[in-house]
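Source file: target_3.tsv (TSV, C-alpha atoms and all ligand atoms)
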chain	number	residue	atom	x	y	z
A	1381	MET	CA	-10.32	-34.17	-23.18
A	1382	ILE	CA	-10.75	-30.88	-21.32
A	1383	THR	CA	-12.94	-28.48	-23.26
A	1384	GLU	CA	-13.36	-24.74	-23.08
A	1385	GLU	CA	-17.06	-25.34	-22.50
A	1386	ALA	CA	-16.35	-27.45	-19.43
A	1387	ILE	CA	-14.06	-24.78	-18.02
A	1388	LEU	CA	-16.64	-22.04	-18.61
A	1389	GLY	CA	-19.16	-24.34	-16.97
A	1390	VAL	CA	-17.25	-24.50	-13.70
A	1391	LEU	CA	-16.36	-20.80	-13.82
A	1392	ARG	CA	-20.06	-20.00	-14.02
A	1393	LYS	CA	-20.16	-21.16	-10.42
A	1394	VAL	CA	-17.38	-18.81	-9.28
A	1395	ASN	CA	-18.79	-15.49	-8.13
A	1396	ASP	CA	-16.97	-12.19	-7.96
A	1397	PRO	CA	-17.21	-11.77	-4.18
A	1398	GLU	CA	-18.11	-8.10	-4.50
A	1399	LEU	CA	-20.28	-8.02	-7.57
A	1400	HIS	CA	-22.12	-11.20	-6.52
A	1401	ARG	CA	-22.26	-12.51	-10.03
A	1402	ASP	CA	-20.28	-15.19	-11.75
A	1403	LEU	CA	-17.08	-14.50	-13.66
A	1404	VAL	CA	-18.50	-15.71	-16.98
A	1405	SER	CA	-21.65	-13.63	-17.05
A	1406	LEU	CA	-19.60	-10.62	-15.91
A	1407	GLY	CA	-17.42	-11.11	-18.99
A	1408	MET	CA	-14.31	-11.44	-16.85
A	1409	VAL	CA	-13.00	-14.66	-18.44
A	1410	LYS	CA	-10.92	-13.42	-21.34
A	1411	GLU	CA	-8.85	-16.34	-22.53
A	1412	ILE	CA	-8.69	-20.08	-22.00
A	1413	LYS	CA	-5.78	-22.23	-23.15
A	1414	VAL	CA	-5.68	-25.99	-22.76
A	1415	GLU	CA	-2.57	-28.03	-23.45
A	1416	GLY	CA	-2.90	-31.65	-22.43
A	1417	GLY	CA	-3.81	-31.47	-18.75
A	1418	SER	CA	-2.57	-27.92	-18.28
A	1419	VAL	CA	-5.03	-25.06	-18.26
A	1420	ALA	CA	-4.28	-21.33	-18.39
A	1421	VAL	CA	-7.05	-18.78	-18.04
A	1422	THR	CA	-6.97	-15.00	-18.11
A	1423	VAL	CA	-9.39	-13.27	-15.79
A	1424	GLU	CA	-9.93	-9.54	-16.19
A	1425	LEU	CA	-10.68	-7.78	-12.91
A	1426	THR	CA	-12.86	-4.67	-12.90
A	1427	THR	CA	-10.12	-2.58	-11.29
A	1428	PRO	CA	-6.37	-2.98	-10.90
A	1429	ALA	CA	-6.84	-2.00	-7.24
A	1430	CYS	CA	-9.10	-5.02	-6.66
A	1431	PRO	CA	-8.83	-5.99	-2.98
A	1432	LEU	CA	-10.07	-9.51	-3.67
A	1433	ARG	CA	-7.63	-10.58	-6.34
A	1434	GLU	CA	-6.14	-13.43	-4.30
A	1435	GLN	CA	-9.57	-14.81	-3.48
A	1436	ILE	CA	-10.69	-14.67	-7.11
A	1437	GLU	CA	-7.46	-16.30	-8.23
A	1438	SER	CA	-7.67	-19.16	-5.75
A	1439	GLU	CA	-11.37	-19.83	-6.32
A	1440	THR	CA	-10.84	-19.85	-10.09
A	1441	LYS	CA	-7.99	-22.29	-9.71
A	1442	ALA	CA	-9.93	-24.54	-7.36
A	1443	ALA	CA	-12.97	-24.62	-9.65
A	1444	ILE	CA	-10.95	-25.64	-12.70
A	1445	LYS	CA	-9.14	-28.31	-10.68
A	1446	THR	CA	-12.43	-30.04	-10.00
A	1447	LEU	CA	-12.55	-31.07	-13.67
A	1448	PRO	CA	-11.29	-34.58	-14.39
A	1449	GLY	CA	-7.92	-34.73	-16.11
A	1450	VAL	CA	-6.77	-31.25	-15.11
A	1451	GLY	CA	-3.21	-30.99	-13.83
A	1452	GLU	CA	-1.55	-27.62	-13.67
A	1453	VAL	CA	-3.75	-24.49	-13.61
A	1454	THR	CA	-2.41	-20.99	-14.25
A	1455	VAL	CA	-4.57	-17.95	-13.62
A	1456	ASN	CA	-3.42	-14.69	-15.19
A	1457	LEU	CA	-5.06	-11.64	-13.70
A	1458	THR	CA	-5.44	-8.49	-15.76
A	1459	ALA	CA	-7.63	-5.49	-15.05
A	1460	SER	CA	-9.72	-2.97	-16.87
A	1461	VAL	CA	-11.95	-0.45	-15.13
A	1462	ARG	CA	-15.49	-0.76	-16.42
A	1463	LYS	CA	-17.00	2.21	-18.12
A	1464	PRO	CA	-20.23	3.57	-16.78
A	1465	PRO	CA	-23.31	2.62	-18.83
A	1466	ALA	CA	-23.39	4.20	-22.31
A	1467	GLY	CA	-23.97	7.91	-22.32
A	1468	ARG	CA	-22.88	8.33	-18.72
A	1469	GLU	CA	-19.18	8.90	-19.29
A	1470	PRO	CA	-18.52	12.14	-17.42
A	1471	ILE	CA	-16.08	13.57	-19.95
A	1472	PRO	CA	-14.67	11.88	-23.03
A	1473	GLY	CA	-11.93	9.44	-22.07
A	1474	VAL	CA	-12.60	9.60	-18.34
A	1475	LYS	CA	-14.46	6.65	-16.85
A	1476	HIS	CA	-15.34	7.86	-13.36
A	1477	ILE	CA	-15.25	11.07	-11.36
A	1478	LEU	CA	-15.52	10.47	-7.63
A	1479	ALA	CA	-16.19	13.27	-5.19
A	1480	VAL	CA	-14.60	13.35	-1.77
A	1481	GLY	CA	-16.71	15.43	0.58
A	1482	SER	CA	-16.85	16.10	4.28
A	1483	GLY	CA	-19.22	17.63	6.73
A	1484	LYS	CA	-16.77	20.16	8.03
A	1485	GLY	CA	-13.33	21.50	7.25
A	1486	GLY	CA	-10.09	20.21	8.66
A	1487	VAL	CA	-11.05	16.55	8.90
A	1488	GLY	CA	-8.24	15.53	6.58
A	1489	LYS	CA	-10.24	15.36	3.38
A	1490	SER	CA	-7.43	16.61	1.14
A	1491	THR	CA	-4.87	14.36	2.83
A	1492	VAL	CA	-7.10	11.34	2.32
A	1493	THR	CA	-7.92	12.27	-1.29
A	1494	VAL	CA	-4.25	12.70	-2.21
A	1495	ASN	CA	-3.19	9.39	-0.69
A	1496	LEU	CA	-6.08	7.47	-2.22
A	1497	ALA	CA	-5.22	8.89	-5.64
A	1498	VAL	CA	-1.58	7.87	-5.26
A	1499	ALA	CA	-2.63	4.40	-4.01
A	1500	LEU	CA	-4.91	3.85	-7.02
A	1501	ALA	CA	-2.18	4.99	-9.41
A	1502	GLU	CA	0.32	2.71	-7.70
A	1503	ALA	CA	-2.07	-0.22	-8.19
A	1504	GLY	CA	-1.97	0.46	-11.92
A	1505	ALA	CA	-5.03	2.64	-12.51
A	1506	SER	CA	-4.77	5.88	-14.48
A	1507	VAL	CA	-5.75	8.62	-12.08
A	1508	GLY	CA	-6.47	12.34	-12.00
A	1509	LEU	CA	-6.94	14.63	-9.03
A	1510	LEU	CA	-9.22	17.63	-9.19
A	1511	ASP	CA	-8.80	20.18	-6.43
A	1512	SER	CA	-12.02	22.10	-6.32
A	1513	ASP	CA	-11.86	23.32	-2.74
A	1514	ILE	CA	-12.40	27.05	-3.13
A	1515	TYR	CA	-11.61	27.74	0.51
A	1516	GLY	CA	-8.01	26.80	0.11
A	1517	PRO	CA	-6.73	24.75	-2.76
A	1518	SER	CA	-4.12	22.70	-0.92
A	1519	ILE	CA	-3.65	19.69	-3.13
A	1520	PRO	CA	-0.83	21.11	-5.30
A	1521	ILE	CA	1.22	21.67	-2.13
A	1522	MET	CA	0.46	18.17	-0.83
A	1523	MET	CA	1.48	16.73	-4.20
A	1524	GLY	CA	4.59	18.89	-4.47
A	1525	VAL	CA	3.42	20.73	-7.59
A	1526	HIS	CA	4.50	24.34	-7.80
A	1527	ARG	CA	4.07	25.06	-11.47
A	1528	GLN	CA	1.10	26.16	-13.51
A	1529	PRO	CA	-0.25	23.80	-16.14
A	1530	GLU	CA	1.15	24.25	-19.63
A	1531	MET	CA	-1.11	25.32	-22.44
A	1532	VAL	CA	-1.17	23.54	-25.76
A	1533	GLY	CA	-3.40	25.54	-28.04
A	1534	LYS	CA	-6.44	26.27	-25.93
A	1535	ARG	CA	-6.10	23.22	-23.74
A	1536	MET	CA	-4.36	22.97	-20.39
A	1537	ILE	CA	-2.06	20.02	-19.78
A	1538	PRO	CA	-2.32	18.89	-16.15
A	1539	PRO	CA	1.03	18.52	-14.38
A	1540	VAL	CA	1.77	14.94	-13.29
A	1541	SER	CA	3.06	14.21	-9.82
A	1542	HIS	CA	3.59	10.83	-8.15
A	1543	GLY	CA	1.86	9.23	-11.13
A	1544	VAL	CA	-1.29	11.36	-10.82
A	1545	LYS	CA	-2.55	14.12	-13.15
A	1546	LEU	CA	-3.47	17.18	-11.23
A	1547	MET	CA	-5.68	20.23	-11.71
A	1548	SER	CA	-6.51	22.83	-9.13
A	1549	LEU	CA	-8.86	25.75	-8.98
A	1550	GLY	CA	-5.82	27.50	-7.54
A	1551	PHE	CA	-4.15	27.31	-10.97
A	1552	LEU	CA	-6.97	29.28	-12.51
A	1553	LEU	CA	-7.05	32.04	-9.94
A	1554	PRO	CA	-4.90	35.08	-9.52
A	1555	ASP	CA	-3.01	34.67	-6.24
A	1556	ASP	CA	-4.92	37.40	-4.47
A	1557	THR	CA	-8.44	36.18	-5.18
A	1558	SER	CA	-10.27	35.72	-1.91
A	1559	PRO	CA	-13.00	33.13	-1.48
A	1560	VAL	CA	-15.51	35.95	-1.11
A	1561	VAL	CA	-15.61	36.49	-4.85
A	1562	TRP	CA	-16.08	32.78	-5.42
A	1563	ARG	CA	-19.77	32.88	-5.96
A	1564	GLY	CA	-21.89	30.60	-8.11
A	1565	PRO	CA	-21.16	31.70	-11.68
A	1566	MET	CA	-17.42	31.95	-11.17
A	1567	VAL	CA	-17.24	28.55	-9.50
A	1568	GLY	CA	-19.36	27.03	-12.22
A	1569	LYS	CA	-17.20	28.51	-14.96
A	1570	ALA	CA	-13.94	27.45	-13.36
A	1571	VAL	CA	-15.17	23.91	-12.85
A	1572	SER	CA	-16.43	23.49	-16.37
A	1573	GLN	CA	-13.06	24.83	-17.52
A	1574	MET	CA	-11.30	22.20	-15.43
A	1575	LEU	CA	-13.49	19.49	-16.90
A	1576	MET	CA	-13.67	20.58	-20.50
A	1577	GLU	CA	-10.56	22.60	-21.27
A	1578	VAL	CA	-8.08	20.34	-19.55
A	1579	ASP	CA	-6.45	17.59	-21.54
A	1580	TRP	CA	-7.02	14.74	-19.07
A	1581	GLY	CA	-6.35	12.01	-21.63
A	1582	GLU	CA	-7.61	8.52	-20.84
A	1583	LEU	CA	-8.31	8.06	-17.14
A	1584	ASP	CA	-9.95	5.40	-15.01
A	1585	TYR	CA	-10.70	7.71	-12.09
A	1586	ILE	CA	-10.64	11.38	-11.24
A	1587	LEU	CA	-10.84	12.08	-7.52
A	1588	ALA	CA	-12.39	15.46	-6.83
A	1589	ASP	CA	-11.68	17.18	-3.52
A	1590	LEU	CA	-14.80	19.26	-2.85
A	1591	PRO	CA	-15.11	22.16	-0.42
A	1592	PRO	CA	-16.35	20.98	2.99
A	1593	GLY	CA	-19.98	21.11	3.96
A	1594	THR	CA	-23.18	21.67	2.09
A	1595	GLY	CA	-22.86	25.38	1.30
A	1596	ASP	CA	-23.40	27.03	-2.04
A	1597	ALA	CA	-20.01	26.16	-3.40
A	1598	SER	CA	-20.23	22.44	-2.56
A	1599	LEU	CA	-23.69	22.23	-4.00
A	1600	THR	CA	-22.74	24.03	-7.23
A	1601	LEU	CA	-19.73	21.77	-7.66
A	1602	ALA	CA	-21.55	18.55	-6.85
A	1603	GLN	CA	-24.11	19.51	-9.47
A	1604	ALA	CA	-21.65	20.76	-12.06
A	1605	ILE	CA	-19.39	17.69	-12.00
A	1606	PRO	CA	-20.85	14.51	-13.46
A	1607	LEU	CA	-20.13	12.19	-10.55
A	1608	SER	CA	-20.07	8.39	-10.44
A	1609	GLY	CA	-20.23	8.54	-6.68
A	1610	ALA	CA	-19.19	10.28	-3.49
A	1611	VAL	CA	-17.07	9.40	-0.49
A	1612	ILE	CA	-17.51	11.09	2.87
A	1613	VAL	CA	-14.52	11.67	5.14
A	1614	MET	CA	-15.26	12.22	8.81
A	1615	THR	CA	-13.60	12.16	12.19
A	1616	PRO	CA	-14.86	9.79	14.89
A	1617	GLN	CA	-16.71	12.20	17.19
A	1618	GLU	CA	-20.46	12.00	17.54
A	1619	VAL	CA	-20.93	15.59	16.39
A	1620	ALA	CA	-18.95	14.81	13.25
A	1621	VAL	CA	-21.45	12.08	12.48
A	1622	GLN	CA	-24.30	14.57	12.51
A	1623	ILE	CA	-22.48	16.95	10.19
A	1624	ALA	CA	-21.45	14.16	7.83
A	1625	THR	CA	-25.09	13.10	7.60
A	1626	LYS	CA	-25.98	16.46	6.12
A	1627	THR	CA	-23.37	16.10	3.41
A	1628	LEU	CA	-24.53	12.61	2.69
A	1629	ASN	CA	-28.08	13.81	2.30
A	1630	MET	CA	-26.91	16.50	-0.11
A	1631	PHE	CA	-25.44	13.83	-2.39
A	1632	ARG	CA	-28.52	11.69	-2.03
A	1633	THR	CA	-30.73	14.60	-3.05
A	1634	LEU	CA	-28.54	15.07	-6.12
A	1635	LYS	CA	-28.88	11.33	-6.84
A	1636	VAL	CA	-25.15	10.76	-6.53
A	1637	PRO	CA	-24.48	7.23	-5.23
A	1638	ILE	CA	-22.71	7.16	-1.86
A	1639	LEU	CA	-19.65	4.93	-2.20
A	1640	GLY	CA	-18.91	4.92	1.51
A	1641	ILE	CA	-17.57	6.58	4.62
A	1642	ILE	CA	-13.93	6.88	5.65
A	1643	GLU	CA	-13.04	7.65	9.25
A	1644	ASN	CA	-9.88	9.75	9.54
A	1645	MET	CA	-7.85	10.47	12.68
A	1646	SER	CA	-9.41	7.30	13.98
A	1647	TYR	CA	-6.80	6.46	16.59
A	1648	LEU	CA	-3.18	7.17	17.41
A	1649	LEU	CA	-0.73	4.34	17.25
A	1650	CYS	CA	1.60	5.10	20.17
A	1651	PRO	CA	5.13	5.17	18.75
A	1652	HIS	CA	6.49	3.86	22.06
A	1653	CYS	CA	4.20	1.02	23.05
A	1654	GLU	CA	2.31	0.47	19.75
A	1655	GLN	CA	-0.99	0.56	21.62
A	1656	SER	CA	-3.81	2.34	19.93
A	1657	VAL	CA	-4.94	5.52	21.68
A	1658	GLU	CA	-8.41	6.74	20.81
A	1659	LEU	CA	-8.10	10.49	21.09
A	1660	PHE	CA	-11.47	11.45	19.66
A	1661	GLY	CA	-13.28	8.24	20.46
A	1662	HIS	CA	-13.41	5.59	17.81
A	1663	GLY	CA	-15.91	3.89	15.59
A	1664	GLY	CA	-18.12	6.91	14.83
A	1665	GLY	CA	-17.61	6.33	11.11
A	1666	ARG	CA	-18.59	2.69	11.29
A	1667	LYS	CA	-21.61	3.50	13.42
A	1668	ALA	CA	-22.64	6.25	11.03
A	1669	SER	CA	-22.30	3.91	8.07
A	1670	GLN	CA	-24.60	1.41	9.76
A	1671	ARG	CA	-27.11	4.05	10.74
A	1672	LEU	CA	-27.12	5.64	7.30
A	1673	GLU	CA	-26.90	2.30	5.50
A	1674	VAL	CA	-23.82	3.09	3.46
A	1675	PRO	CA	-20.63	1.04	3.20
A	1676	PHE	CA	-17.71	1.66	5.54
A	1677	LEU	CA	-14.47	1.90	3.58
A	1678	GLY	CA	-11.98	2.01	6.44
A	1679	GLU	CA	-10.26	3.98	9.15
A	1680	ILE	CA	-7.06	6.01	8.89
A	1681	PRO	CA	-5.06	6.52	12.10
A	1682	LEU	CA	-3.55	9.80	13.25
A	1683	ASP	CA	0.04	9.80	12.20
A	1684	PRO	CA	2.42	12.76	12.35
A	1685	GLU	CA	4.16	11.39	9.24
A	1686	LEU	CA	0.99	11.95	7.32
A	1687	ARG	CA	1.02	15.65	8.09
A	1688	ARG	CA	4.73	15.95	7.43
A	1689	GLY	CA	4.34	14.23	4.06
A	1690	GLY	CA	1.57	16.65	3.13
A	1691	ASP	CA	3.65	19.67	4.08
A	1692	VAL	CA	6.59	18.68	1.91
A	1693	GLY	CA	4.59	17.44	-1.07
A	1694	ARG	CA	5.41	13.77	-0.60
A	1695	PRO	CA	2.35	11.69	0.28
A	1696	ILE	CA	3.02	8.91	2.77
A	1697	LEU	CA	2.65	6.25	0.08
A	1698	ILE	CA	5.70	7.75	-1.59
A	1699	GLU	CA	7.64	8.83	1.49
A	1700	LYS	CA	7.01	5.75	3.65
A	1701	PRO	CA	5.67	3.05	1.31
A	1702	ASP	CA	6.24	0.28	3.87
A	1703	SER	CA	4.51	2.02	6.78
A	1704	PRO	CA	1.30	0.64	8.29
A	1705	VAL	CA	-0.56	3.79	7.22
A	1706	ALA	CA	0.49	3.32	3.59
A	1707	ALA	CA	-0.86	-0.24	3.74
A	1708	ILE	CA	-4.14	1.05	5.18
A	1709	PHE	CA	-4.49	3.57	2.35
A	1710	ARG	CA	-3.94	0.82	-0.22
A	1711	GLN	CA	-6.66	-1.21	1.40
A	1712	VAL	CA	-9.12	1.70	1.57
A	1713	ALA	CA	-8.34	2.57	-2.07
A	1714	GLY	CA	-9.10	-1.04	-3.01
A	1715	ASN	CA	-12.40	-0.95	-1.14
A	1716	LEU	CA	-13.29	2.29	-2.89
A	1717	ALA	CA	-12.40	0.96	-6.36
A	1718	GLY	CA	-14.46	-2.15	-5.63
A	1719	ARG	CA	-17.46	-0.01	-4.74
A	1720	VAL	CA	-17.10	1.93	-8.01
A	1721	SER	CA	-17.18	-1.38	-9.91
A	1722	VAL	CA	-20.35	-2.37	-8.07
A	1723	GLU	CA	-22.03	0.95	-8.83
A	1724	ALA	CA	-20.94	0.79	-12.48
A	1725	LEU	CA	-22.55	-2.62	-12.73
A	1726	ILE	CA	-25.86	-1.77	-11.11
A	1727	GLY	CA	-26.00	1.89	-12.22
B	1801	LIG	N1	-4.62	11.03	9.80
B	1801	LIG	C1	-3.92	12.13	10.02
B	1801	LIG	N2	-2.88	12.13	10.88
B	1801	LIG	C2	-2.16	13.26	11.12
B	1801	LIG	N3	-2.41	14.44	10.54
B	1801	LIG	C3	-3.43	14.50	9.67
B	1801	LIG	C4	-4.23	13.36	9.36
B	1801	LIG	N4	-5.17	13.73	8.46
B	1801	LIG	C5	-4.95	15.04	8.22
B	1801	LIG	N5	-3.92	15.51	8.95
B	1801	LIG	C6	-3.42	16.88	9.00
B	1801	LIG	O1	-4.50	17.71	9.43
B	1801	LIG	C7	-4.50	18.93	8.73
B	1801	LIG	C8	-5.81	19.08	7.97
B	1801	LIG	O2	-5.85	18.10	6.95
B	1801	LIG	P1	-6.40	18.40	5.49
B	1801	LIG	O3	-5.87	19.68	4.98
B	1801	LIG	O4	-6.18	17.17	4.70
B	1801	LIG	O5	-7.93	18.53	5.88
B	1801	LIG	P2	-9.14	19.09	5.03
B	1801	LIG	O6	-10.34	18.41	5.54
B	1801	LIG	O7	-8.85	18.98	3.59
B	1801	LIG	O8	-9.10	20.58	5.50
B	1801	LIG	P3	-9.74	21.87	4.79
B	1801	LIG	O9	-11.15	21.90	5.25
B	1801	LIG	O10	-8.91	22.98	5.33
B	1801	LIG	O11	-9.62	21.69	3.32
B	1801	LIG	C9	-3.30	18.91	7.82
B	1801	LIG	O12	-2.23	19.54	8.46
B	1801	LIG	C10	-2.99	17.43	7.66
B	1801	LIG	O13	-1.66	17.17	7.38
B	1802	MG	MG	-8.71	20.43	2.11
Would you mind writing the file's structure down as structure tokens?
Ligand SMILES: Nc1ncnc2c1ncn2[C@@H]1O[C@H](COP(=O)(O)OP(=O)(O)OP(=O)(O)O)[C@@H](O)[C@H]1O
Ligand SMILES: [Mg+2]
Amino acid sequence: MITEEAILGVLRKVNDPELHRDLVSLGMVKEIKVEGGSVAVTVELTTPACPLREQIESETKAAIKTLPGVGEVTVNLTASVRKPPAGREPIPGVKHILAVGSGKGGVGKSTVTVNLAVALAEAGASVGLLDSDIYGPSIPIMMGVHRQPEMVGKRMIPPVSHGVKLMSLGFLLPDDTSPVVWRGPMVGKAVSQMLMEVDWGELDYILADLPPGTGDASLTLAQAIPLSGAVIVMTPQEVAVQIATKTLNMFRTLKVPILGIIENMSYLLCPHCEQSVELFGHGGGRKASQRLEVPFLGEIPLDPELRRGGDVGRPILIEKPDSPVAAIFRQVAGNLAGRVSVEALIG
């Protein structure tokens, strides 16, 4: 006779490879059904973008099969993003707001943010995108959104594009407002408007594209938005590492957990010979992550399709879903989501 207790017993020895705790104590085992020698269990992952789902599935299966009398084992995987500890929900209904920052402008921060948001949504998470780059809100263009949000009563309804809800500082500004007038109070007001007066609904993640650097505007925003964590995007050059370090230190000072570093424009995959060409050097991001003791989330190659997709409002995950770059974004998004789960657990 196979009992539920016996199954829980063996699953107590299966660890979530990222959270380093067992599935039972993490509350991930949701249902156990035994019929004769057949066992079906439901395991709830902490994010639908979990990069380790196959590993968890196979280890769960193997563990249950060690029990005498067990024949067929079915593992159903579901997912639910964990809420931050009580009282730390950033805004009602939204589980995590993640900042994407960079040391300097032009490193591809907005491109990376957009594609990560689309990748997370594609994996089944509910996702928002907050464009708070005062120097040039570019996300609506990259997402192909050309309309203002609708108002229902006093609340703005974010337009949805490619499965992602979108808000931009650009929506709140008259067209001719120059960044010069974007000083502290105005930035603060606009951001709290985007957080409080926008009907985000229920979301697992909001990705916030911050202005580059550690200037006034970045600092105000990083303080004004209740963040679960921050990601730093950088290019591979040595000088980029130094600049990224400053941004990282800004988040550390604000006690925002660093989720990891992403290296963009890492290498060029030659379209003719498929060799990788390292235009700006390579590995700066990984080196920086080791030196600064923060996780490395992955490297995105230079790819003209990526720019083209941004220009026409169709991120590469939508335009070329089977391309190697799309696969890389899915992987990086999974790594990021995994890190959020870890922080939510230890936070
Ligand atoms: N991996 C890449 N391959 C090819 N082009 C890229 C890549 N990443 C970004 N780009 C292109 O580089 C330009 C700058 O990218 P993006 O606007 O995303 O950078 P940013 O860091 O947000 O810049 P800003 O500081 O102006 O906000 C864009 O034209 C974009 O399409
Ligand atoms: Mg940008």
Given a cut-off of 8 Å, what residues near ligand MG 1802 (chain B) show up using all atoms listed in the file, put as a ChimeraX atom specification? /A:1485-1486,1488-1491,1513,1516-1519,1589-1592
Could you check how far atom CA of A:Val1419 sits from atom CA of A:Lys1393, in Å to one decimal? 17.5 Å
For a quick check of understanding, using all atoms listed in the file, which of A:Ile1436, A:Ala1602, A:Leu1496, A:Met1536 has the smallest distance to ligand LIG 1801 (chain B)?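 Nearest to ligand LIG 1801 (chain B): A:Leu1496.
Shortest atom-to-atom contact with A:Ile1514 among A:Val1450, A:Met1566, A:Leu1682, A:Val1619: A:Met1566, counting all atoms listed in the file.
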Got a sec: who's within 9 Å of A:Ile1623, counting only C-alpha atoms, leaving out chain neighbours fewer than 2 positions off, as a ChimeraX atom specification? /A:1482-1484,1593,1614,1619-1621,1625-1628
Using all atoms listed in the file, which of A:Pro1464, A:Gly1581, A:Pro1470, A:Gly1533 sits nearest A:Gly1508?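 Between A:Pro1464, A:Gly1581, A:Pro1470, A:Gly1533, the residue approaching A:Gly1508 most closely is A:Gly1581.
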For a cut-off of 10 Å around (-1.2, 19.3, 1.9), file coordinates, pick out all residues using all atoms listed in the file and list them as a PyMOL selection string. chain A and resi 1488-1492+1494+1517-1524+1686-1695
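Here the question is which of A:Pro1428, A:Pro1448, A:Pro1681, A:Gly1543 gets nearest to ligand LIG 1801 (chain B) using all atoms listed in the file, and that residue is A:Pro1681.
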When you count all atoms listed in the file, which of these residues is closest to A:Gly1568: A:Gly1417, A:Arg1719, A:Arg1632, A:Gln1603? A:Gln1603
How many Å lie between atom CA of A:Lys1635 and atom P1 of ligand LIG 1801 (chain B), rounded to one decimal?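 Computed distance, atom CA of A:Lys1635 to atom P1 of ligand LIG 1801 (chain B), equals 26.6 Å.
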Kindly give the distance, in Å, that separates atom CA of A:Arg1462 and atom CA of A:Gln1435, rounded to a single decimal. 20.0 Å
As a CSV table (one decimal) with C-alpha atoms, keeping the file's coordinate frame, please: the residues near A:Val1720 (cut-off 8 Å, all atoms listed in the file, same-chain neighbours under 3 positions excluded).
chain,number,residue,atom,x,y,z
A,1608,SER,CA,-20.1,8.4,-10.4
A,1609,GLY,CA,-20.2,8.5,-6.7
A,1639,LEU,CA,-19.6,4.9,-2.2
A,1716,LEU,CA,-13.3,2.3,-2.9
A,1717,ALA,CA,-12.4,1.0,-6.4
A,1723,GLU,CA,-22.0,1.0,-8.8
A,1724,ALA,CA,-20.9,0.8,-12.5
Just the residues within 8 Å of A:Tyr1585, please, counting all atoms listed in the file, with nothing from its chain fewer than 2 positions along; format it as a list in words.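 Close residues of A:Tyr1585: Val1474, Lys1475, His1476, Ile1477, Leu1478, Ala1505, Ser1506, Val1507, Gly1508, Leu1583 and Leu1587 of chain A.
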Test item: residues at most 10 Å from A:Thr1493, only C-alpha atoms, excluding those fewer than 5 positions along its chain, as a PyMOL selection string: chain A and resi 1479-1481+1488+1498-1499+1509-1511+1519+1587-1590+1611+1613+1713
Of A:Ser1703, A:Ser1512, A:Ser1418, A:Ser1669, the one nearest to A:Ile1612 when counting only C-alpha atoms is A:Ser1669
